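Just below is one structure, and these are the notes that go with it.
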Amino acid sequence: MKKIVFRFWIINFLISIALFFIYRIVIAATKTFDGNFFEELIQILELLLNIGFALIYLIAMVISSFAILLNLIEKIRNNFYWSLLAFVGIPSFWVIFIIIKALIDALADNLSILTTLAIFSILYLFLTTIQFLLFRKKINKTLDIETKIEVTN
């Protein structure tokens with residue numbers, strides 16, 4: 001069982017890192033425009049803010065991927081809802097916060113940095129949900145095999 005949990009954790013960790021690098025590429029592709037000194041200063045501050053959000057994004061995704069290791073505890077692993085919380089619940093809090101903030105900015109007619117961050121956070125949550133479903137399928141299959149072995153003995 002430990003091998004299964006660690007395998008899913010490593011995959012989730014790699015997904016987090018890959019999404020971080022893709023997010024950084026999207027930030028780098030942001031178009032800038034020539035302007036006066038004040039406009040250039042604002043663009044530099046926006047770039048620093050983007051880098052700061054990227055760092056926060058990376059930290060949040062790494063913490064979320066470490067939460068998968070809670071499935072090493074048998075009570076959590078064998079309970080569907082606790083396992084769901086370890087996989088998807090913790091990242092959901094992060095995503096909900098980002099989405100609410102991005103919606104507030106969008107209502108103010110200001111598409112901001114948080115919109116891109118929300119898209120990447122939702123993508124991470126979607127991939128983690130798929131990973132959770134695969135994990136439960138694998139765990140249930142392993143538990144069924146163990147049960148059959150115990151019954152035959």
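Labels used: A, B, ... for chains in the order of the structure tokens, numbers from 1 for residues in each chain, and numbers from 1 for ligands as shown.
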Next item on the list: Step one, run DSSP on the backbone; step two, keep only residues of stretch 41-98 of chain A assigned to alpha helix (DSSP H); then write them as an MDAnalysis selection string.
Entry: chainID A and resid 41:67 74:78 80:84 90:98
Writing out the chosen residues with C-alpha atoms as a PDB file, in the first residue's frame:
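Result file follows (again_31.pdb):
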```pdb
ATOM      1  CA  LEU A  41       7.360  51.137 -13.173  1.00  0.00           C
ATOM      2  CA  ILE A  42       3.822  49.728 -12.926  1.00  0.00           C
ATOM      3  CA  GLN A  43       4.762  46.930 -15.339  1.00  0.00           C
ATOM      4  CA  ILE A  44       7.806  46.055 -13.233  1.00  0.00           C
ATOM      5  CA  LEU A  45       5.654  45.976 -10.089  1.00  0.00           C
ATOM      6  CA  GLU A  46       3.101  43.790 -11.879  1.00  0.00           C
ATOM      7  CA  LEU A  47       5.888  41.418 -12.925  1.00  0.00           C
ATOM      8  CA  LEU A  48       7.118  41.204  -9.320  1.00  0.00           C
ATOM      9  CA  LEU A  49       3.560  40.556  -8.180  1.00  0.00           C
ATOM     10  CA  ASN A  50       3.234  37.795 -10.781  1.00  0.00           C
ATOM     11  CA  ILE A  51       6.444  36.193  -9.535  1.00  0.00           C
ATOM     12  CA  GLY A  52       5.204  36.435  -5.953  1.00  0.00           C
ATOM     13  CA  PHE A  53       1.892  34.791  -6.861  1.00  0.00           C
ATOM     14  CA  ALA A  54       3.790  32.098  -8.752  1.00  0.00           C
ATOM     15  CA  LEU A  55       5.821  31.364  -5.634  1.00  0.00           C
ATOM     16  CA  ILE A  56       2.679  31.247  -3.475  1.00  0.00           C
ATOM     17  CA  TYR A  57       1.087  28.972  -6.079  1.00  0.00           C
ATOM     18  CA  LEU A  58       4.065  26.613  -5.943  1.00  0.00           C
ATOM     19  CA  ILE A  59       4.030  26.497  -2.135  1.00  0.00           C
ATOM     20  CA  ALA A  60       0.277  25.838  -2.031  1.00  0.00           C
ATOM     21  CA  MET A  61       0.505  23.044  -4.620  1.00  0.00           C
ATOM     22  CA  VAL A  62       3.450  21.387  -2.860  1.00  0.00           C
ATOM     23  CA  ILE A  63       1.587  21.476   0.473  1.00  0.00           C
ATOM     24  CA  SER A  64      -1.457  20.049  -1.282  1.00  0.00           C
ATOM     25  CA  SER A  65       0.590  17.242  -2.774  1.00  0.00           C
ATOM     26  CA  PHE A  66       2.093  16.429   0.632  1.00  0.00           C
ATOM     27  CA  ALA A  67      -1.454  16.051   1.973  1.00  0.00           C
ATOM     28  CA  GLU A  74      -4.848   3.151   7.222  1.00  0.00           C
ATOM     29  CA  LYS A  75      -7.994   4.806   8.612  1.00  0.00           C
ATOM     30  CA  ILE A  76      -7.725   7.624   6.087  1.00  0.00           C
ATOM     31  CA  ARG A  77      -6.816   5.362   3.175  1.00  0.00           C
ATOM     32  CA  ASN A  78      -9.704   2.949   3.790  1.00  0.00           C
ATOM     33  CA  PHE A  80     -13.471   7.213   0.916  1.00  0.00           C
ATOM     34  CA  TYR A  81     -14.327  10.629   2.358  1.00  0.00           C
ATOM     35  CA  TRP A  82     -11.139  11.081   4.405  1.00  0.00           C
ATOM     36  CA  SER A  83      -9.096  10.030   1.411  1.00  0.00           C
ATOM     37  CA  LEU A  84     -11.053  12.464  -0.772  1.00  0.00           C
ATOM     38  CA  ILE A  90      -7.150  20.717   0.908  1.00  0.00           C
ATOM     39  CA  PRO A  91      -6.485  22.063  -2.627  1.00  0.00           C
ATOM     40  CA  SER A  92     -10.171  23.018  -2.864  1.00  0.00           C
ATOM     41  CA  PHE A  93      -9.802  25.603  -0.101  1.00  0.00           C
ATOM     42  CA  TRP A  94      -6.983  27.236  -2.058  1.00  0.00           C
ATOM     43  CA  VAL A  95      -8.926  27.144  -5.334  1.00  0.00           C
ATOM     44  CA  ILE A  96     -12.107  28.546  -3.785  1.00  0.00           C
ATOM     45  CA  PHE A  97     -10.178  31.464  -2.287  1.00  0.00           C
ATOM     46  CA  ILE A  98      -8.488  32.261  -5.606  1.00  0.00           C
TER      47      ILE A  98
END
```
Notebook entry, point to check: Which value, in Å to one decimal, gives the distance between atom CA of A:Phe8 and atom CA of A:Asp144?
Noted result: 19.5 Å
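Counting only C-alpha atoms and comparing A:Leu85, A:Leu19, A:Ala28, A:Ile145, the residue that lies closest to A:Phe132 is A:Leu85.
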Margin query: So the first atom is atom CA of A:Ala118 and the second is atom CA of A:Val5; what is the distance between them in Å, to one decimal place?
Written below: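 Separating atom CA of A:Ala118 from atom CA of A:Val5 is a distance of 27.3 Å.
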